[in-house]
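A short worksheet on the structure shown next.
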Amino acid sequence: MTQAIQVIIFGATLGGVYALMASGLTLVFGVMRIVNIAHAILMILAAYIAFYAFQLYNLDPILSVFITIPVMFLVGIIIYKLFFSLISAEDRKGELTVLLTFSLAIIVEGVLGAQFGNTYRSANPGYASEAILVGSFIIPKGQLYATILSVLLIGLLWLFLKYSRIGYAIRATMQNQSAAQVVGVNVERMSMIAFGIGIALAGASGSMMSFLFTFYPGKHWEFIAILLSLIVLGGMGSLGGAVIGAFLLAILSALVGSYIGFTWSPITFFLALFIILLFRPQGLLGKKEDI
Amino acid sequence: MSEIAVTTKKNQAKTEYKPEHSTSRGKKIFLVILLLILLSFPLMQFVAGGMNYWLHMALFIFMYIAMASSWNIIGGYAGYTSLGHPVFFAVGGYFTGTLLVYFDVSPFLSAPIAGLVSMALGLLVGLISLRTRGPAFIISTIALVMLVRIIFDNWDYIGGTNGISTPLIELPLELAKFPFYYYMLLIAIAAVYVSYRIRHSKFGLGLRAISQDETKAEVAGIPTSQYKILAFGISGLFVGMAGGLWGYYLTYLKPDIFLLIIIAAKLVLMTVLGGKGTVAGPIVGAALFILVNEFFVSNFGTTELNIAATGLLLALVLIFFPKGIVGTLKEKGKLPAILDWD
């Protein structure tokens, strides 16, 4: 039992990070109906920024969010301008955009691979290998800090969406694009901002990733598959669903990793995806028409 | 819908008025000549020698023609973009490879069975994945690749991440590529023929109706679920066979070689570049892509930038050239008759 609780602690302290990773993805889907396959490779791009900021300038990876968030926001805006302004709004909903973000993922993967090679990287700040003892349980410091910061960022995102003017407009676009347009929301601009925020969240996730995981460019396929499973499980476009899905599956995969074998733990996410597709294709908190 | 109506009329016209002459005499002669050239091409080995490189290129192209044509059945005709085809490729390869290593069964015998195994897997996965449409379907196929990847990486019997080596074929060097060449040619012909037959069948018409408006297709009485699942299964058949042969040809099997999403990316690119949903498109796209890619690899070497270039090309084709070569030429009325099989 103690072992199980310990494993659950490990899983839960990763859950927040997965939730942060998935939140950007689900936001972009919610607003633009775009499944951004390039989300994870952009996370890895940000992880390289955080990694080198730590290696070269000794900048704490957690503090590097102050760099990765604005930089990746700009990257998001540039990508939006380059890729999505070229295709009509009607074509965007379909598979074309998925394939475009898929191409983008391959492009960035290739460029990162050429630049940084396939060496496994991981930033190693002091706290990444330290732990807090609570009774007989170990709480790894790095994971704890990362999850606290992640939950904080998701909370900020929620407040922003709930109470700011732009947040109102973004939510209106999420609910009904044409109706939002009628009441005077600039849907195009909101989409661009939402995409920028989504990629900025990928940037923040990248900062966490730089010291929580070992990464290399090709690693993003595993991450994107995990994140996509999470948002399908939670219901595509639902922020709450993504958070619930993230904590649930992070704990479950930690249990699988501990009892069946470490290398098997990611399979939890993919099996969960197929099981949810079988029984509830719209996901836990999703609406039927989203699928 | 109007396009369906038009094509239906066209098909009816073909089947009702000239059932035997739907393929003109000129096209038949072209096909026979092409076949003779392809069949006799390896014999150059005896005349000129040193043909191994070209035989390799040719059979590589055949393999991708077979796979892209298969992909086109679900991705082009039915409009369901699958990124999961590397799984069929890997299952086929590992099926024949394992039989060869442990039971000494020649992959030339087991490749067709490997195709059937892949097809069965396709039907099974299709049963679940094809409950969703559009983006969610694509997501489930990506997840499938990662799922199978984890299984293969952890399965010691088939070598795990290190993979397994298969014995070399026992033929002198100048003849070693012959059986692979002819076998791949056969698989490619079979795949293209099946794709052609589906294109001109009620089943194919149903698939195209699904790709245009699935709800309306269902209302019109098309058994959309069965059609989609069957299309996905058939699509896996030839990819599995090609994989079954490819592992033997390479003499080793590794998840790193077979279970790559970039393989799926190539299939999408080839098909869209040549012309999605057309019979000749995947053939043109596969041949063109491999030759161009080979040109770059031999001149600039293989780097990670090749991956980036593949992605860039895919993005450019998707945005600026979505109908592909065959589709665009047809639209302009400039498609040569030998490429017009739709």
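Identifiers in this document derive from the order of the structure tokens: chains are assigned A, B, ..., residues are numbered from 1 separately in each chain, and ligands are numbered from 1 in order of occurrence.
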So that each row is one residue of chain A with an atom at most 8 Å from chain B, can you give its shortest atom pair and the distance in Å to one decimal, using only C-alpha atoms, rows by chain and rising number, as JSON lines?
{"residue": "A:Val35", "atom": "CA", "partner": "B:Pro135", "partner_atom": "CA", "distance": 6.6}
{"residue": "A:Leu86", "atom": "CA", "partner": "B:Ile319", "partner_atom": "CA", "distance": 7.4}
{"residue": "A:Ile87", "atom": "CA", "partner": "B:Ile319", "partner_atom": "CA", "distance": 7.0}
{"residue": "A:Gly94", "atom": "CA", "partner": "B:Gly134", "partner_atom": "CA", "distance": 6.5}
{"residue": "A:Glu95", "atom": "CA", "partner": "B:Gly134", "partner_atom": "CA", "distance": 5.9}
{"residue": "A:Leu96", "atom": "CA", "partner": "B:Leu318", "partner_atom": "CA", "distance": 7.3}
{"residue": "A:Val98", "atom": "CA", "partner": "B:Pro135", "partner_atom": "CA", "distance": 6.7}
{"residue": "A:Leu99", "atom": "CA", "partner": "B:Ala315", "partner_atom": "CA", "distance": 7.8}
{"residue": "A:Leu100", "atom": "CA", "partner": "B:Ala315", "partner_atom": "CA", "distance": 5.6}
{"residue": "A:Phe102", "atom": "CA", "partner": "B:Gly311", "partner_atom": "CA", "distance": 7.9}
{"residue": "A:Ser103", "atom": "CA", "partner": "B:Gly311", "partner_atom": "CA", "distance": 4.4}
{"residue": "A:Leu104", "atom": "CA", "partner": "B:Gly311", "partner_atom": "CA", "distance": 6.4}
{"residue": "A:Ala105", "atom": "CA", "partner": "B:Gly311", "partner_atom": "CA", "distance": 7.7}
{"residue": "A:Ile106", "atom": "CA", "partner": "B:Gly311", "partner_atom": "CA", "distance": 5.0}
{"residue": "A:Ile107", "atom": "CA", "partner": "B:Ala308", "partner_atom": "CA", "distance": 3.9}
{"residue": "A:Val108", "atom": "CA", "partner": "B:Ala308", "partner_atom": "CA", "distance": 6.7}
{"residue": "A:Glu109", "atom": "CA", "partner": "B:Ala308", "partner_atom": "CA", "distance": 6.9}
{"residue": "A:Gly110", "atom": "CA", "partner": "B:Ala308", "partner_atom": "CA", "distance": 4.2}
{"residue": "A:Val111", "atom": "CA", "partner": "B:Ala308", "partner_atom": "CA", "distance": 6.0}
{"residue": "A:Gly113", "atom": "CA", "partner": "B:Glu304", "partner_atom": "CA", "distance": 5.6}
{"residue": "A:Ala114", "atom": "CA", "partner": "B:Glu304", "partner_atom": "CA", "distance": 4.9}
{"residue": "A:Trp221", "atom": "CA", "partner": "B:Met146", "partner_atom": "CA", "distance": 7.8}
{"residue": "A:Glu222", "atom": "CA", "partner": "B:Met146", "partner_atom": "CA", "distance": 6.5}
{"residue": "A:Ala225", "atom": "CA", "partner": "B:Ala143", "partner_atom": "CA", "distance": 5.3}
{"residue": "A:Ile226", "atom": "CA", "partner": "B:Ala143", "partner_atom": "CA", "distance": 7.7}
{"residue": "A:Leu228", "atom": "CA", "partner": "B:Ile139", "partner_atom": "CA", "distance": 6.5}
{"residue": "A:Ser229", "atom": "CA", "partner": "B:Ala143", "partner_atom": "CA", "distance": 7.3}
{"residue": "A:Val232", "atom": "CA", "partner": "B:Ala136", "partner_atom": "CA", "distance": 7.5}
{"residue": "A:Thr263", "atom": "CA", "partner": "B:Asn154", "partner_atom": "CA", "distance": 7.3}
{"residue": "A:Trp264", "atom": "CA", "partner": "B:Ile150", "partner_atom": "CA", "distance": 6.7}
{"residue": "A:Pro266", "atom": "CA", "partner": "B:Ile150", "partner_atom": "CA", "distance": 7.9}
{"residue": "A:Ile267", "atom": "CA", "partner": "B:Leu147", "partner_atom": "CA", "distance": 5.9}
{"residue": "A:Phe270", "atom": "CA", "partner": "B:Ala143", "partner_atom": "CA", "distance": 5.6}
{"residue": "A:Leu271", "atom": "CA", "partner": "B:Leu147", "partner_atom": "CA", "distance": 7.4}
{"residue": "A:Leu273", "atom": "CA", "partner": "B:Ser140", "partner_atom": "CA", "distance": 7.3}
{"residue": "A:Phe274", "atom": "CA", "partner": "B:Ile128", "partner_atom": "CA", "distance": 7.0}
{"residue": "A:Leu277", "atom": "CA", "partner": "B:Ile128", "partner_atom": "CA", "distance": 6.6}
{"residue": "A:Leu278", "atom": "CA", "partner": "B:Ile128", "partner_atom": "CA", "distance": 5.7}
{"residue": "A:Pro281", "atom": "CA", "partner": "B:Thr132", "partner_atom": "CA", "distance": 6.9}
{"residue": "A:Ile291", "atom": "CA", "partner": "B:Thr132", "partner_atom": "CA", "distance": 6.2}
Limited to N, CA, C and O atoms, could you put the picked residues into a file as a short mmCIF file (atom, residue, chain, number, x, y, z; two decimals), in the first residue's frame?
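File produced: selection.cif:
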data_model
loop_
_atom_site.label_atom_id
_atom_site.label_comp_id
_atom_site.auth_asym_id
_atom_site.auth_seq_id
_atom_site.Cartn_x
_atom_site.Cartn_y
_atom_site.Cartn_z
N VAL A 35 -6.09 20.64 -34.81
CA VAL A 35 -5.28 19.74 -34.00
C VAL A 35 -3.83 20.03 -34.34
O VAL A 35 -3.39 19.76 -35.45
N LEU A 86 -2.84 31.44 -45.15
CA LEU A 86 -2.83 31.09 -46.57
C LEU A 86 -4.04 30.27 -46.99
O LEU A 86 -4.35 30.18 -48.17
N ILE A 87 -4.69 29.65 -46.01
CA ILE A 87 -5.82 28.80 -46.39
C ILE A 87 -7.12 29.40 -45.88
O ILE A 87 -7.15 30.05 -44.84
N GLY A 94 -10.93 21.11 -41.54
CA GLY A 94 -10.77 19.71 -41.91
C GLY A 94 -9.39 19.16 -41.67
O GLY A 94 -8.62 19.65 -40.85
N GLU A 95 -9.10 18.13 -42.42
CA GLU A 95 -7.85 17.42 -42.24
C GLU A 95 -6.67 18.20 -42.78
O GLU A 95 -5.54 17.94 -42.37
N LEU A 96 -6.93 19.13 -43.68
CA LEU A 96 -5.84 19.88 -44.29
C LEU A 96 -4.96 20.51 -43.22
O LEU A 96 -3.73 20.44 -43.28
N VAL A 98 -4.64 19.64 -40.10
CA VAL A 98 -3.90 18.64 -39.33
C VAL A 98 -2.65 18.25 -40.09
O VAL A 98 -1.55 18.15 -39.53
N LEU A 99 -2.82 18.05 -41.40
CA LEU A 99 -1.67 17.66 -42.21
C LEU A 99 -0.64 18.79 -42.28
O LEU A 99 0.56 18.54 -42.33
N LEU A 100 -1.12 20.03 -42.27
CA LEU A 100 -0.18 21.15 -42.30
C LEU A 100 0.63 21.22 -41.00
O LEU A 100 1.85 21.41 -41.04
N PHE A 102 1.18 18.75 -39.15
CA PHE A 102 2.01 17.55 -39.24
C PHE A 102 3.29 17.86 -40.03
O PHE A 102 4.41 17.53 -39.59
N SER A 103 3.13 18.56 -41.16
CA SER A 103 4.32 18.94 -41.94
C SER A 103 5.22 19.86 -41.13
O SER A 103 6.44 19.73 -41.15
N LEU A 104 4.58 20.79 -40.42
CA LEU A 104 5.35 21.72 -39.60
C LEU A 104 6.17 20.96 -38.56
O LEU A 104 7.35 21.25 -38.34
N ALA A 105 5.52 19.95 -37.96
CA ALA A 105 6.22 19.14 -36.95
C ALA A 105 7.46 18.48 -37.57
O ALA A 105 8.54 18.48 -36.97
N ILE A 106 7.30 17.96 -38.79
CA ILE A 106 8.43 17.30 -39.44
C ILE A 106 9.54 18.30 -39.78
O ILE A 106 10.72 18.03 -39.60
N ILE A 107 9.12 19.48 -40.24
CA ILE A 107 10.11 20.51 -40.58
C ILE A 107 10.93 20.88 -39.34
O ILE A 107 12.17 20.86 -39.35
N VAL A 108 10.23 21.19 -38.25
CA VAL A 108 10.94 21.62 -37.03
C VAL A 108 11.79 20.47 -36.50
O VAL A 108 12.93 20.69 -36.07
N GLU A 109 11.26 19.24 -36.57
CA GLU A 109 12.04 18.09 -36.10
C GLU A 109 13.34 17.98 -36.89
O GLU A 109 14.42 17.79 -36.32
N GLY A 110 13.23 18.12 -38.22
CA GLY A 110 14.42 18.00 -39.06
C GLY A 110 15.43 19.09 -38.76
O GLY A 110 16.63 18.83 -38.63
N VAL A 111 14.95 20.31 -38.61
CA VAL A 111 15.86 21.43 -38.35
C VAL A 111 16.53 21.27 -36.98
O VAL A 111 17.75 21.43 -36.84
N GLY A 113 16.94 18.49 -35.41
CA GLY A 113 17.84 17.33 -35.50
C GLY A 113 19.16 17.72 -36.14
O GLY A 113 20.23 17.31 -35.69
N ALA A 114 19.09 18.53 -37.20
CA ALA A 114 20.31 18.96 -37.88
C ALA A 114 21.15 19.84 -36.97
O ALA A 114 22.38 19.79 -36.97
N TRP A 221 7.28 12.72 -31.02
CA TRP A 221 6.17 11.87 -31.47
C TRP A 221 5.50 11.20 -30.29
O TRP A 221 4.28 11.08 -30.22
N GLU A 222 6.34 10.73 -29.36
CA GLU A 222 5.78 10.09 -28.18
C GLU A 222 4.95 11.11 -27.38
O GLU A 222 3.84 10.82 -26.95
N ALA A 225 1.65 12.10 -29.11
CA ALA A 225 0.67 11.02 -29.02
C ALA A 225 0.07 10.98 -27.61
O ALA A 225 -1.14 10.77 -27.44
N ILE A 226 0.91 11.18 -26.59
CA ILE A 226 0.41 11.20 -25.21
C ILE A 226 -0.57 12.36 -25.02
O ILE A 226 -1.67 12.20 -24.50
N LEU A 228 -2.25 14.08 -27.25
CA LEU A 228 -3.48 13.94 -28.02
C LEU A 228 -4.41 12.95 -27.33
O LEU A 228 -5.63 13.15 -27.30
N SER A 229 -3.82 11.88 -26.79
CA SER A 229 -4.65 10.93 -26.04
C SER A 229 -5.34 11.64 -24.88
O SER A 229 -6.52 11.42 -24.62
N VAL A 232 -8.20 13.87 -26.15
CA VAL A 232 -9.34 13.08 -26.62
C VAL A 232 -10.07 12.49 -25.41
O VAL A 232 -11.29 12.50 -25.34
N THR A 263 9.31 0.80 -19.05
CA THR A 263 9.18 1.09 -20.47
C THR A 263 7.74 0.95 -20.96
O THR A 263 7.42 1.39 -22.05
N TRP A 264 6.90 0.29 -20.18
CA TRP A 264 5.52 0.11 -20.61
C TRP A 264 4.62 1.29 -20.24
O TRP A 264 3.49 1.38 -20.71
N PRO A 266 4.17 4.49 -20.98
CA PRO A 266 3.43 5.35 -21.93
C PRO A 266 2.25 4.64 -22.60
O PRO A 266 1.35 5.30 -23.10
N ILE A 267 2.28 3.30 -22.58
CA ILE A 267 1.22 2.57 -23.28
C ILE A 267 -0.14 2.87 -22.65
O ILE A 267 -1.18 2.79 -23.31
N PHE A 270 -2.08 5.45 -24.63
CA PHE A 270 -2.61 5.05 -25.93
C PHE A 270 -3.75 4.05 -25.78
O PHE A 270 -4.74 4.11 -26.52
N LEU A 271 -3.60 3.14 -24.82
CA LEU A 271 -4.70 2.20 -24.56
C LEU A 271 -5.93 2.97 -24.11
O LEU A 271 -7.05 2.69 -24.55
N LEU A 273 -6.75 5.91 -24.89
CA LEU A 273 -7.34 6.56 -26.05
C LEU A 273 -8.27 5.61 -26.78
O LEU A 273 -9.40 5.95 -27.12
N PHE A 274 -7.80 4.38 -27.03
CA PHE A 274 -8.62 3.45 -27.79
C PHE A 274 -9.84 3.00 -27.00
O PHE A 274 -10.92 2.81 -27.56
N LEU A 277 -12.31 5.82 -27.18
CA LEU A 277 -12.92 5.90 -28.51
C LEU A 277 -13.99 4.82 -28.66
O LEU A 277 -15.00 5.00 -29.33
N LEU A 278 -13.74 3.69 -28.02
CA LEU A 278 -14.66 2.57 -28.12
C LEU A 278 -15.96 2.86 -27.38
O LEU A 278 -17.05 2.56 -27.87
N PRO A 281 -16.68 8.19 -27.62
CA PRO A 281 -15.80 8.87 -28.56
C PRO A 281 -15.70 10.37 -28.31
O PRO A 281 -14.70 10.99 -28.67
N ILE A 291 -16.43 15.47 -32.15
CA ILE A 291 -15.63 14.36 -32.66
C ILE A 291 -15.89 14.14 -34.14
O ILE A 291 -16.95 14.42 -34.64
#
Problem set entry | Ile198 (chain B) surroundings by only C-alpha atoms, 10 Å radius, close-in-sequence under 4 positions cut, as number ranges by chain | B: 73, 77, 192-194, 202-207, 231, 279
Exercise. DSSP says alpha helix (DSSP H) for which residues of region 67-169 of chain A? Put them as number ranges by chain?
Worked result: A: 67-79, 89-92, 95-116, 141-163, 165-169
For this session: Determine, counting only C-alpha atoms, which protein, DNA and RNA residues have an atom within 7 Å of an atom of Ile224 (chain A); residues of the same chain fewer than 5 positions away are not included. Present the result as number ranges by chain.
Result: A: 37, 39-40
Seminar exercise, completed: From the list B:Val47, B:Val91, B:Ile283, B:Ile37, the nearest residue to Ala120 (chain B) using only C-alpha atoms is B:Val91
Any idea what's packed within 6 Å of region 238-245 of chain B, counting only C-alpha atoms, ignoring anything in its chain fewer than 2 positions away? Could you give it as a CSV table (one decimal) with N, CA and C atoms, in the first residue's frame?
chain,number,residue,atom,x,y,z
B,67,MET,N,2.5,0.8,-51.7
B,67,MET,CA,2.0,1.3,-50.4
B,67,MET,C,1.2,2.6,-50.6
B,88,PHE,N,1.1,-1.4,-40.3
B,88,PHE,CA,0.9,-2.5,-41.2
B,88,PHE,C,2.3,-3.0,-41.8
B,89,PHE,N,3.1,-2.0,-42.1
B,89,PHE,CA,4.4,-2.2,-42.7
B,89,PHE,C,5.2,-3.1,-41.7
B,92,GLY,N,3.8,-6.7,-41.1
B,92,GLY,CA,4.2,-7.5,-42.2
B,92,GLY,C,5.6,-8.0,-42.1
B,93,GLY,N,6.5,-7.0,-41.9
B,93,GLY,CA,7.9,-7.3,-41.8
B,93,GLY,C,8.3,-8.2,-40.7
B,96,THR,N,6.9,-12.1,-41.3
B,96,THR,CA,7.7,-12.9,-42.2
B,96,THR,C,9.1,-13.1,-41.5
B,111,ALA,N,4.9,-13.9,-47.2
B,111,ALA,CA,4.5,-12.5,-47.4
B,111,ALA,C,3.0,-12.3,-47.7
B,112,PRO,N,2.4,-13.2,-48.5
B,112,PRO,CA,0.9,-13.0,-48.7
B,112,PRO,C,0.2,-13.1,-47.4
B,114,ALA,N,1.4,-12.5,-44.4
B,114,ALA,CA,1.7,-11.3,-43.7
B,114,ALA,C,0.7,-10.2,-44.1
B,115,GLY,N,0.4,-10.1,-45.4
B,115,GLY,CA,-0.5,-9.2,-45.8
B,115,GLY,C,-1.9,-9.4,-45.2
B,118,SER,N,-1.9,-8.2,-41.6
B,118,SER,CA,-2.0,-6.8,-41.6
B,118,SER,C,-3.4,-6.4,-41.8
B,236,GLY,N,-4.4,-2.0,-45.7
B,236,GLY,CA,-3.3,-2.6,-44.9
B,236,GLY,C,-2.7,-3.9,-45.6
B,247,GLY,N,11.7,-6.5,-45.0
B,247,GLY,CA,12.6,-7.0,-43.9
B,247,GLY,C,13.6,-8.0,-44.3
B,248,TYR,N,13.1,-8.9,-45.1
B,248,TYR,CA,14.0,-10.0,-45.7
B,248,TYR,C,15.1,-9.4,-46.6
For this session: Tell me, in Å to one decimal, how far CA of Asn293 (chain B) is from CA of Lys330 (chain B).
Result: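 Interatomic distance here is 25.6 Å.
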Problem set entry | Counting only C-alpha atoms, the option among A:Gly11, A:Pro217, A:Gly203, A:Gly240 closest to Gly283 (chain A) |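 Smallest separation from Gly283 (chain A) among the options: A:Gly240.
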Exercise. What is the distance, in Å and to one decimal place, between CA of Leu201 (chain A) and CA of Gly24 (chain A)?
Worked result: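 One can read the CA of Leu201 (chain A) to CA of Gly24 (chain A) distance as 5.3 Å.
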Problem set entry | Test item, strand (DSSP E or B) assignment across region 63-283 of chain B, answer as a PyMOL selection string | chain B and resi 164-165+252-253
For those residues, write N, CA, C and O atoms to a file as a PDB file, in the first residue's frame.
ATOM      1  N   ILE B 164      15.856  -7.895 -34.885  1.00  0.00           N
ATOM      2  CA  ILE B 164      16.470  -9.184 -35.194  1.00  0.00           C
ATOM      3  C   ILE B 164      17.071  -9.159 -36.592  1.00  0.00           C
ATOM      4  O   ILE B 164      16.611  -8.432 -37.467  1.00  0.00           O
ATOM      5  N   SER B 165      18.099  -9.979 -36.756  1.00  0.00           N
ATOM      6  CA  SER B 165      18.689 -10.112 -38.077  1.00  0.00           C
ATOM      7  C   SER B 165      18.111 -11.344 -38.753  1.00  0.00           C
ATOM      8  O   SER B 165      17.882 -12.360 -38.115  1.00  0.00           O
ATOM      9  N   TYR B 252      17.536  -7.197 -41.735  1.00  0.00           N
ATOM     10  CA  TYR B 252      17.319  -6.966 -40.314  1.00  0.00           C
ATOM     11  C   TYR B 252      16.027  -6.187 -40.097  1.00  0.00           C
ATOM     12  O   TYR B 252      15.572  -5.466 -40.973  1.00  0.00           O
ATOM     13  N   LEU B 253      15.459  -6.405 -38.920  1.00  0.00           N
ATOM     14  CA  LEU B 253      14.206  -5.740 -38.568  1.00  0.00           C
ATOM     15  C   LEU B 253      14.420  -4.958 -37.291  1.00  0.00           C
ATOM     16  O   LEU B 253      14.996  -5.479 -36.331  1.00  0.00           O
TER      17      LEU B 253
END
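Distance annotation: of A:Tyr145, A:Phe195, A:Tyr168, A:Tyr52, the residue with the minimal separation from Val31 (chain A) is A:Phe195; atom set is only C-alpha atoms.
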Can you tell me, as a PDB file with N, CA and C atoms, in the first residue's frame, what residues are no more than 10 Å from region 176-182 of chain B when counting only C-alpha atoms, ignoring any on the same chain fewer than 6 positions away?
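Result file follows (out-v8.pdb):
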ATOM      1  N   LEU B  38       9.519  -3.623 -67.836  1.00  0.00           N
ATOM      2  CA  LEU B  38       9.797  -3.862 -66.430  1.00  0.00           C
ATOM      3  C   LEU B  38      10.255  -5.292 -66.186  1.00  0.00           C
ATOM      4  N   LEU B  39       9.653  -6.237 -66.940  1.00  0.00           N
ATOM      5  CA  LEU B  39      10.032  -7.637 -66.753  1.00  0.00           C
ATOM      6  C   LEU B  39      11.443  -7.913 -67.247  1.00  0.00           C
ATOM      7  N   PHE B  41      13.866  -5.620 -67.579  1.00  0.00           N
ATOM      8  CA  PHE B  41      14.853  -4.681 -67.053  1.00  0.00           C
ATOM      9  C   PHE B  41      16.002  -5.351 -66.286  1.00  0.00           C
ATOM     10  N   PRO B  42      15.701  -6.313 -65.389  1.00  0.00           N
ATOM     11  CA  PRO B  42      16.791  -6.950 -64.628  1.00  0.00           C
ATOM     12  C   PRO B  42      17.770  -7.709 -65.520  1.00  0.00           C
ATOM     13  N   LEU B  43      17.302  -8.118 -66.716  1.00  0.00           N
ATOM     14  CA  LEU B  43      18.182  -8.898 -67.590  1.00  0.00           C
ATOM     15  C   LEU B  43      19.375  -8.069 -68.069  1.00  0.00           C
ATOM     16  N   GLN B  45      21.359  -6.867 -66.285  1.00  0.00           N
ATOM     17  CA  GLN B  45      22.443  -7.331 -65.431  1.00  0.00           C
ATOM     18  C   GLN B  45      23.414  -8.215 -66.219  1.00  0.00           C
ATOM     19  N   MET B  51      24.118  -3.634 -62.331  1.00  0.00           N
ATOM     20  CA  MET B  51      22.789  -3.036 -62.283  1.00  0.00           C
ATOM     21  C   MET B  51      22.177  -3.030 -60.889  1.00  0.00           C
ATOM     22  N   ASN B  52      22.909  -3.541 -59.905  1.00  0.00           N
ATOM     23  CA  ASN B  52      22.298  -3.722 -58.594  1.00  0.00           C
ATOM     24  C   ASN B  52      21.712  -2.442 -58.024  1.00  0.00           C
ATOM     25  N   TYR B  53      22.429  -1.329 -58.238  1.00  0.00           N
ATOM     26  CA  TYR B  53      21.917  -0.062 -57.713  1.00  0.00           C
ATOM     27  C   TYR B  53      20.565   0.272 -58.339  1.00  0.00           C
ATOM     28  N   LEU B  55      18.459  -1.796 -59.805  1.00  0.00           N
ATOM     29  CA  LEU B  55      17.434  -2.754 -59.379  1.00  0.00           C
ATOM     30  C   LEU B  55      16.907  -2.366 -57.996  1.00  0.00           C
ATOM     31  N   HIS B  56      17.849  -1.940 -57.145  1.00  0.00           N
ATOM     32  CA  HIS B  56      17.439  -1.511 -55.809  1.00  0.00           C
ATOM     33  C   HIS B  56      16.479  -0.326 -55.897  1.00  0.00           C
ATOM     34  N   MET B  57      16.849   0.665 -56.702  1.00  0.00           N
ATOM     35  CA  MET B  57      15.980   1.839 -56.855  1.00  0.00           C
ATOM     36  C   MET B  57      14.605   1.432 -57.384  1.00  0.00           C
ATOM     37  N   ALA B  58      14.624   0.554 -58.393  1.00  0.00           N
ATOM     38  CA  ALA B  58      13.358   0.159 -59.009  1.00  0.00           C
ATOM     39  C   ALA B  58      12.465  -0.558 -58.004  1.00  0.00           C
ATOM     40  N   LEU B  59      13.045  -1.490 -57.250  1.00  0.00           N
ATOM     41  CA  LEU B  59      12.166  -2.239 -56.340  1.00  0.00           C
ATOM     42  C   LEU B  59      11.727  -1.386 -55.169  1.00  0.00           C
ATOM     43  N   PHE B  60      12.548  -0.389 -54.830  1.00  0.00           N
ATOM     44  CA  PHE B  60      12.157   0.569 -53.800  1.00  0.00           C
ATOM     45  C   PHE B  60      10.951   1.383 -54.281  1.00  0.00           C
ATOM     46  N   PHE B  62       8.813   0.376 -56.587  1.00  0.00           N
ATOM     47  CA  PHE B  62       7.663  -0.530 -56.635  1.00  0.00           C
ATOM     48  C   PHE B  62       7.003  -0.616 -55.258  1.00  0.00           C
ATOM     49  N   MET B  63       7.860  -0.728 -54.238  1.00  0.00           N
ATOM     50  CA  MET B  63       7.324  -0.879 -52.890  1.00  0.00           C
ATOM     51  C   MET B  63       6.472   0.332 -52.515  1.00  0.00           C
ATOM     52  N   PHE B 108       9.129 -15.373 -49.070  1.00  0.00           N
ATOM     53  CA  PHE B 108       8.425 -15.380 -50.354  1.00  0.00           C
ATOM     54  C   PHE B 108       7.117 -16.161 -50.245  1.00  0.00           C
ATOM     55  N   LEU B 168      20.749 -13.946 -44.864  1.00  0.00           N
ATOM     56  CA  LEU B 168      20.836 -13.452 -46.239  1.00  0.00           C
ATOM     57  C   LEU B 168      20.228 -14.469 -47.194  1.00  0.00           C
ATOM     58  N   ILE B 169      19.702 -13.979 -48.285  1.00  0.00           N
ATOM     59  CA  ILE B 169      19.198 -14.892 -49.309  1.00  0.00           C
ATOM     60  C   ILE B 169      20.389 -15.584 -49.978  1.00  0.00           C
ATOM     61  N   GLU B 170      20.240 -16.898 -50.229  1.00  0.00           N
ATOM     62  CA  GLU B 170      21.384 -17.658 -50.741  1.00  0.00           C
ATOM     63  C   GLU B 170      21.441 -17.627 -52.258  1.00  0.00           C
ATOM     64  N   ALA B 188       3.227  -4.508 -56.412  1.00  0.00           N
ATOM     65  CA  ALA B 188       2.823  -3.182 -56.909  1.00  0.00           C
ATOM     66  C   ALA B 188       1.701  -3.324 -57.932  1.00  0.00           C
ATOM     67  N   LEU B 245       8.299  -8.389 -47.275  1.00  0.00           N
ATOM     68  CA  LEU B 245       9.430  -8.623 -48.164  1.00  0.00           C
ATOM     69  C   LEU B 245      10.608  -7.716 -47.821  1.00  0.00           C
ATOM     70  N   TRP B 246      10.284  -6.520 -47.392  1.00  0.00           N
ATOM     71  CA  TRP B 246      11.313  -5.507 -47.156  1.00  0.00           C
ATOM     72  C   TRP B 246      12.264  -5.911 -46.028  1.00  0.00           C
ATOM     73  N   TYR B 248      13.139  -8.933 -45.142  1.00  0.00           N
ATOM     74  CA  TYR B 248      14.015  -9.979 -45.671  1.00  0.00           C
ATOM     75  C   TYR B 248      15.089  -9.355 -46.556  1.00  0.00           C
ATOM     76  N   TYR B 249      14.682  -8.371 -47.336  1.00  0.00           N
ATOM     77  CA  TYR B 249      15.596  -7.695 -48.250  1.00  0.00           C
ATOM     78  C   TYR B 249      16.683  -6.939 -47.478  1.00  0.00           C
TER      79      TYR B 249
END
Per residue of region 158-219 of chain A within 8 Å of region 63-68 of chain A, record the nearest atom pair and its distance in Å to one decimal, counting only C-alpha atoms, with rows in chain order and ascending residue number, as a Markdown table.
| residue | atom | partner | partner_atom | distance |
| --- | --- | --- | --- | --- |
| A:Ala200 | CA | A:Thr68 | CA | 7.2 |
| A:Gly203 | CA | A:Thr68 | CA | 5.0 |
| A:Ala204 | CA | A:Val65 | CA | 5.2 |
| A:Gly206 | CA | A:Thr68 | CA | 7.7 |
| A:Ser207 | CA | A:Val65 | CA | 6.0 |
For this session: Enter the distance from CA of Tyr259 (chain A) to CA of Pro140 (chain A), in Å, rounded to one decimal.
Result: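 Between these atoms lies a distance of 19.5 Å.
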